[in-house]
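See below for coords.txt, which holds compact mmCIF, C-alpha atoms.
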# COMPACT_ATOMS: atom_id res chain seq x y z
CA MET A 1495 0.00 0.00 0.00
CA LEU A 1496 1.39 3.37 -1.03
CA GLN A 1497 1.91 5.69 1.90
CA LEU A 1498 1.90 9.42 1.33
CA GLN A 1499 4.69 11.40 2.88
CA ARG A 1500 3.74 13.93 5.49
CA PRO A 1501 3.81 17.36 3.85
CA ILE A 1502 6.31 19.92 5.06
CA PRO A 1503 4.49 22.73 6.91
CA LYS A 1504 4.33 25.90 4.88
CA VAL A 1505 5.12 28.90 7.03
CA LYS A 1506 6.48 31.58 4.73
CA VAL A 1507 4.97 33.07 1.60
CA GLU A 1508 7.83 31.70 -0.47
CA ASP A 1509 6.98 28.14 0.65
CA TYR A 1510 3.98 28.25 -1.68
CA ARG A 1511 4.22 27.68 -5.42
CA ARG A 1512 4.23 30.81 -7.55
CA GLY A 1513 0.74 31.60 -8.82
CA TYR A 1514 -2.57 31.65 -7.01
CA PRO A 1515 -1.13 29.68 -4.03
CA ARG A 1516 1.56 32.29 -3.35
CA LEU A 1517 -0.83 35.19 -3.99
CA ALA A 1518 -3.30 33.78 -1.47
CA ALA A 1519 -0.49 33.20 1.03
CA PHE A 1520 0.72 36.77 0.64
CA GLN A 1521 -2.72 38.33 1.09
CA SER A 1522 -3.44 36.21 4.16
CA GLN A 1523 -0.22 37.19 5.96
CA ASP A 1524 -1.35 40.61 7.12
CA ILE A 1525 -4.61 42.54 7.38
CA ASN A 1526 -3.20 45.31 5.21
CA PHE A 1527 -2.91 42.91 2.27
CA ARG A 1528 -6.48 41.53 2.39
CA VAL A 1529 -7.70 43.79 -0.40
CA LEU A 1530 -10.42 42.55 -2.76
CA LYS A 1531 -12.53 44.13 -5.47
CA ARG A 1532 -16.16 44.70 -4.51
CA PHE A 1533 -17.67 44.75 -8.03
CA ASP A 1534 -20.28 47.42 -7.27
CA TYR A 1535 -21.23 47.75 -10.94
CA LEU A 1536 -21.88 44.03 -11.44
CA HIS A 1537 -23.93 43.79 -8.26
CA MET A 1538 -26.09 46.74 -9.26
CA ARG A 1539 -26.42 45.55 -12.85
CA SER A 1540 -27.70 42.15 -11.71
CA LEU A 1541 -30.10 43.66 -9.16
CA ILE A 1542 -31.46 46.14 -11.70
CA GLU A 1543 -32.12 43.39 -14.23
CA GLN A 1544 -33.98 41.28 -11.68
CA GLN A 1545 -35.91 44.39 -10.63
CA ASP A 1546 -37.09 44.85 -14.21
CA ARG A 1547 -38.17 41.23 -14.49
CA LEU A 1548 -40.23 41.55 -11.34
CA SER A 1549 -41.69 44.80 -12.62
CA GLU A 1550 -42.93 43.04 -15.76
CA LEU A 1551 -44.61 40.35 -13.70
CA GLU A 1552 -46.19 43.02 -11.50
CA ILE A 1553 -47.71 44.73 -14.56
CA GLN A 1554 -49.08 41.42 -15.85
CA LEU A 1555 -50.59 40.59 -12.44
CA ASN A 1556 -52.27 44.00 -12.17
CA HIS A 1557 -53.70 43.61 -15.65
CA CYS A 1558 -54.99 40.15 -14.77
CA ASP A 1559 -56.68 41.51 -11.63
CA ASP A 1560 -58.21 44.49 -13.45
CA THR A 1561 -59.72 42.31 -16.18
CA GLU A 1562 -61.13 39.71 -13.82
CA THR A 1563 -64.87 39.31 -14.38
CA MET A 1564 -65.75 37.48 -11.16
CA GLN A 1565 -65.26 39.24 -7.81
CA LEU A 1566 -65.19 35.93 -5.90
CA ARG A 1567 -61.92 34.95 -7.56
CA LEU A 1568 -60.30 38.11 -6.21
CA SER A 1569 -61.81 37.74 -2.74
CA SER A 1570 -60.87 34.10 -2.15
CA ARG A 1571 -57.64 32.31 -2.86
CA GLN A 1572 -59.27 28.89 -2.66
CA GLN A 1573 -62.04 29.91 -5.06
CA ASP A 1574 -59.67 31.53 -7.53
CA ILE A 1575 -59.57 29.27 -10.59
CA ASN A 1576 -57.91 31.82 -12.83
CA ARG A 1577 -54.93 29.81 -14.06
CA GLN A 1578 -53.14 32.85 -15.46
CA ARG A 1579 -53.13 34.63 -12.10
CA ARG A 1580 -52.00 31.48 -10.29
CA ASP A 1581 -49.10 31.06 -12.73
CA LEU A 1582 -48.10 34.71 -12.40
CA LEU A 1583 -48.09 34.54 -8.60
CA GLU A 1584 -45.97 31.40 -8.70
CA GLN A 1585 -43.49 33.09 -11.03
CA ILE A 1586 -43.33 36.16 -8.78
CA GLN A 1587 -42.72 34.05 -5.70
CA LEU A 1588 -40.01 32.14 -7.53
CA ARG A 1589 -38.40 35.34 -8.81
CA LEU A 1590 -38.35 36.78 -5.30
CA ARG A 1591 -36.58 33.65 -4.09
CA THR A 1592 -34.18 33.37 -7.00
CA TYR A 1593 -31.84 35.90 -8.46
CA GLY A 1594 -32.13 35.73 -12.25
CA ASN A 1595 -33.46 32.80 -14.24
CA SER A 1596 -36.09 30.86 -12.30
CA THR A 1597 -34.74 27.56 -13.67
CA ALA A 1598 -31.25 28.08 -12.26
CA ASP A 1599 -30.93 26.34 -8.90
CA TRP A 1600 -27.52 27.83 -8.18
CA LEU A 1601 -28.68 31.42 -8.07
CA VAL A 1602 -29.07 32.97 -4.65
CA GLY A 1603 -32.27 34.48 -3.33
CA LEU A 1604 -33.01 38.09 -4.27
CA ASP A 1605 -33.49 39.15 -0.68
CA LYS A 1606 -30.29 37.39 0.29
CA ALA A 1607 -28.40 38.95 -2.62
CA VAL A 1608 -29.56 42.43 -1.64
CA GLN A 1609 -28.64 41.83 2.00
CA GLU A 1610 -25.22 40.44 1.13
CA PHE A 1611 -24.48 43.37 -1.17
CA THR A 1612 -25.59 45.75 1.59
CA ASN A 1613 -23.23 44.02 4.02
CA MET A 1614 -20.42 44.30 1.50
CA LEU A 1615 -21.06 48.04 1.15
CA ARG A 1616 -20.51 48.33 4.90
CA LEU A 1617 -16.98 46.98 4.58
CA PRO A 1618 -14.35 49.72 4.82
CA GLU A 1619 -12.85 50.87 1.55
CA ALA A 1620 -9.22 49.91 1.12
CA PRO A 1621 -6.99 52.99 1.64
CA VAL A 1622 -4.64 53.98 -1.14
CA ARG A 1623 -1.54 52.98 0.82
CA GLN A 1624 -2.86 49.44 1.30
CA ARG A 1625 -3.83 49.12 -2.35
CA GLN A 1626 -0.38 50.44 -3.20
CA SER A 1627 1.25 47.72 -1.07
CA VAL A 1628 -0.68 44.96 -2.82
CA HIS A 1629 -0.04 46.51 -6.24
CA ASN A 1630 3.70 46.79 -5.56
CA TRP A 1631 4.01 43.16 -4.49
CA PHE A 1632 1.91 41.95 -7.39
CA THR A 1633 3.86 43.85 -10.05
CA GLY A 1634 7.15 42.79 -8.47
CA ASN A 1635 6.32 39.07 -8.20
CA LYS A 1636 3.91 38.66 -11.16
CA PRO A 1637 2.15 35.56 -9.76
CA LEU A 1638 -0.61 35.46 -12.41
CA VAL A 1639 -0.79 35.57 -16.18
CA CYS A 1640 -1.56 38.98 -17.70
CA SER A 1641 -5.11 38.05 -18.72
CA GLU A 1642 -6.01 37.31 -15.07
CA SER A 1643 -4.19 40.23 -13.43
CA ALA A 1644 -6.58 43.10 -14.17
CA CYS A 1645 -8.10 43.28 -10.67
CA TYR A 1646 -4.67 43.80 -9.12
CA LEU A 1647 -3.14 46.00 -11.78
CA ASP A 1648 -6.12 48.38 -11.71
CA CYS A 1649 -6.44 48.64 -7.92
CA LEU A 1650 -4.75 52.07 -7.83
CA GLU A 1651 -7.07 53.65 -10.39
CA SER A 1652 -10.32 52.36 -8.89
CA GLU A 1653 -11.85 52.82 -5.43
CA ASP A 1654 -14.05 49.75 -5.85
CA TYR A 1655 -11.96 47.79 -3.34
CA VAL A 1656 -12.55 46.75 0.26
CA ILE A 1657 -10.32 45.44 3.00
CA LEU A 1658 -11.37 42.31 4.88
CA GLY A 1659 -11.19 41.97 8.65
CA ALA A 1660 -10.43 45.63 9.27
CA ASN A 1661 -9.59 46.35 12.88
CA GLU A 1662 -12.28 48.39 14.61
CA ARG A 1663 -9.87 50.10 16.97
CA ASP A 1664 -8.84 53.70 16.38
CA LYS A 1665 -6.39 53.94 13.51
CA ALA A 1666 -5.91 57.19 11.72
CA GLY A 1667 -3.25 59.82 11.13
CA MET A 1668 -1.09 59.00 14.14
CA GLU A 1669 -0.69 55.32 13.34
CA ALA A 1670 -0.31 56.03 9.63
CA LEU A 1671 2.55 58.37 10.44
CA LEU A 1672 4.13 55.85 12.80
CA ASP A 1673 3.78 53.19 10.13
CA LEU A 1674 5.90 55.28 7.77
CA VAL A 1675 8.47 56.08 10.45
CA ILE A 1676 8.91 52.52 11.72
CA LYS A 1677 9.49 51.25 8.17
CA ASN A 1678 12.84 52.99 8.36
CA PHE A 1679 13.84 50.44 11.01
CA PRO A 1680 13.72 47.05 9.22
CA ALA A 1681 15.13 45.30 12.29
CA LEU A 1682 11.70 45.65 13.93
CA ALA A 1683 9.98 43.79 11.09
CA ASN A 1684 8.67 40.26 11.53
CA ARG A 1685 10.64 37.99 9.16
CA SER A 1686 9.01 34.73 10.19
CA LYS A 1687 6.37 34.94 7.46
CA THR A 1688 8.37 35.99 4.42
CA GLU A 1689 11.89 36.26 3.04
CA ASP A 1690 11.03 39.22 0.84
CA PRO A 1691 13.16 42.18 2.03
CA HIS A 1692 10.55 44.61 0.67
CA ILE A 1693 7.76 43.33 2.92
CA PHE A 1694 7.63 44.86 6.40
CA LEU A 1695 5.35 43.04 8.81
CA PHE A 1696 5.12 44.48 12.30
CA PRO A 1697 3.37 43.07 15.37
CA PRO A 1698 -0.34 43.99 15.01
CA LYS A 1699 -0.52 45.83 18.33
CA LEU A 1700 2.81 47.61 18.07
CA LEU A 1701 1.56 50.76 16.33
CA GLY A 1702 -1.45 50.96 18.64
CA TYR A 1703 0.66 50.82 21.76
CA ILE A 1704 3.12 53.42 20.50
CA ALA A 1705 0.32 55.76 19.41
CA LYS A 1706 -1.36 55.50 22.82
CA ILE A 1707 1.89 56.24 24.61
CA ILE A 1708 2.60 59.29 22.45
CA LEU A 1709 -0.92 60.68 22.85
CA GLY A 1710 -0.91 59.90 26.56
CA VAL A 1711 2.25 61.96 27.00
CA LEU A 1712 1.77 64.80 24.52
CA LEU A 1713 -1.85 65.73 25.21
CA PRO A 1714 -1.38 66.35 28.95
CA MET A 1715 1.80 68.31 28.20
CA TRP A 1716 -0.10 70.38 25.62
CA LEU A 1717 -2.93 71.16 28.02
CA ASN A 1718 -0.60 71.94 30.92
CA PHE A 1719 1.41 74.25 28.71
CA SER A 1720 -1.72 76.26 27.94
CA VAL A 1721 -2.46 76.55 31.68
CA MET A 1722 1.07 77.80 32.32
CA LEU A 1723 0.64 80.48 29.67
CA LEU A 1724 -2.70 81.58 31.10
CA VAL A 1725 -1.23 81.92 34.58
CA ASN A 1726 1.51 84.22 33.34
CA VAL A 1727 -0.72 86.39 31.14
CA SER A 1728 -2.94 89.08 32.64
CA ASN A 1729 -4.42 90.61 29.50
CA SER A 1730 -7.96 89.28 28.98
CA SER A 1731 -7.87 89.37 25.17
CA THR A 1732 -4.57 87.49 25.11
CA ARG A 1733 -5.94 84.90 27.50
CA SER A 1734 -8.98 84.41 25.28
CA THR A 1735 -6.77 83.99 22.23
CA ILE A 1736 -4.66 81.40 24.00
CA CYS A 1737 -7.76 79.44 25.05
CA CYS A 1738 -9.14 79.45 21.50
CA VAL A 1739 -5.85 78.45 19.90
CA PHE A 1740 -5.18 75.57 22.30
CA THR A 1741 -8.79 74.34 22.17
CA PHE A 1742 -8.90 74.23 18.37
CA ALA A 1743 -5.41 72.71 18.24
CA ALA A 1744 -6.38 69.97 20.72
CA SER A 1745 -9.53 69.26 18.72
CA PHE A 1746 -7.50 68.97 15.51
CA ILE A 1747 -4.95 66.65 17.13
CA VAL A 1748 -7.63 64.31 18.48
CA THR A 1749 -9.48 64.28 15.15
CA TRP A 1750 -6.33 63.60 13.14
CA ALA A 1751 -4.73 61.11 15.51
CA THR A 1752 -7.79 58.89 16.03
CA ASN A 1753 -10.96 57.80 14.26
CA THR A 1754 -13.13 59.75 16.64
CA SER A 1755 -16.68 60.18 15.39
CA THR A 1756 -18.26 63.61 15.05
CA TYR A 1757 -20.73 62.83 17.84
CA ASN A 1758 -18.03 61.74 20.31
CA LEU A 1759 -15.84 64.71 19.39
CA LEU A 1760 -18.72 67.11 20.01
CA LEU A 1761 -19.40 65.57 23.41
CA ALA A 1762 -15.73 65.83 24.32
CA LEU A 1763 -15.58 69.49 23.38
CA ILE A 1764 -18.77 70.33 25.27
CA THR A 1765 -17.65 68.60 28.45
Same coordinates, now as structure tokens:
Amino acid sequence: MLQLQRPIPKVKVEDYRRGYPRLAAFQSQDINFRVLKRFDYLHMRSLIEQQDRLSELEIQLNHCDDTETMQLRLSSRQQDINRQRRDLLEQIQLRLRTYGNSTADWLVGLDKAVQEFTNMLRLPEAPVRQRQSVHNWFTGNKPLVCSESACYLDCLESEDYVILGANERDKAGMEALLDLVIKNFPALANRSKTEDPHIFLFPPKLLGYIAKIILGVLLPMWLNFSVMLLVNVSNSSTRSTICCVFTFAASFIVTWATNTSTYNLLLALIT
């Protein structure tokens, strides 16, 4: 009996064969690489076509009801022997359950398709810098044939891309800036997942911790500095100017450094 050898565990991106296997390994290594096209146009095109098909059936059903000669058939489902109306209702019910041709079993339900597309629209759009990272790796490694590379080669020109598994924690200007700064220190990068010297993978929580430390130190210093200025200034107009400048500056720093919502920012300023 032929015994299969135990496969060698694949840890690094380069352990996978060049092509779709390596591309999938690369995009699964870090959240910043999980960029996919959303296909908004195709979703809407399919939904609009199904909408028109249902609209046609609706017109036919209304015409069938308006031309009905016996009131009883409209007032009782069990007494309705109008075969045309029964067939139309069955087609409508089937169209509402199926997305497209009623004879295709593989098509998903219309309601489900709409809901899934709505959920996809809620996914965060992939920032330019993340699309740039994927584009750079793709053009440098060329894992796919040209005829199947359009989605990756066009990712910089189109905004029809989402990022999967985006972290819900605050991540904005501060961490983006730190990301650029830390890339100048390759020794901090995690090399356990790839041998590519152009890929910099950092511990997921590293930027968050550094950003919190910086904000935790700088904001109190900023606020205390304004208090020191106010104590040493006696002119009322100058004191008012200092208050306005430091308040607006603090608001700008918080807005830029974190993903604070407008509602939370307003509450913070009021209190």
List as a Markdown table every residue of segment 1512-1610 of chain A that is in contact with segment 1691-1714 of chain A, defined as an atom at most 12 Å from one of its atoms (using only C-alpha atoms), together with the nearest atom pair and the distance in Å rounded to one decimal, sorted by chain and then rising number.
| residue | atom | partner | partner_atom | distance |
| --- | --- | --- | --- | --- |
| A:Phe1520 | CA | A:Ile1693 | CA | 9.9 |
| A:Gln1521 | CA | A:Ile1693 | CA | 11.8 |
| A:Gln1523 | CA | A:Leu1695 | CA | 8.6 |
| A:Asp1524 | CA | A:Leu1695 | CA | 7.3 |
| A:Ile1525 | CA | A:Pro1698 | CA | 8.9 |
| A:Asn1526 | CA | A:Leu1695 | CA | 9.6 |
| A:Phe1527 | CA | A:Leu1695 | CA | 10.5 |
- [ ] Quick one: pull the distance between atom CA of Leu1548 of chain A and atom CA of Ile1586 of chain A, Å, one decimal.
- [x]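 We find that atom CA of Leu1548 of chain A and atom CA of Ile1586 of chain A lie 6.7 Å from each other.
Residue nearest Asn1635 of chain A, chosen from A:Leu1517, A:Leu1672, A:Val1608, A:Leu1541 and counting all atoms listed in the file: A:Leu1517.
Separating atom CA of Asp1509 of chain A from atom CA of Arg1528 of chain A is a distance of 19.1 Å.
The shortest atom-to-atom distance to Gln1544 of chain A, with only C-alpha atoms taken into account, belongs to A:Leu1590 out of A:Cys1649, A:Leu1590, A:Ser1734, A:Arg1516.
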Students should find that atom CA of Tyr1655 of chain A and atom CA of Gly1634 of chain A are spaced 20.4 Å
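Closest approach to Leu1583 of chain A among A:Met1564, A:Ala1607, A:Leu1551, A:Ala1644 is made by A:Leu1551 (distances from only C-alpha atoms).
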*asked:* What's around Thr1741 of chain A at 10 Å? Count all atoms listed in the file, leave out sequence neighbours fewer than 4 positions away in its own chain, and write the answer as a ChimeraX atom specification.
replied: /A:1717,1720,1735-1737,1745-1747,1763
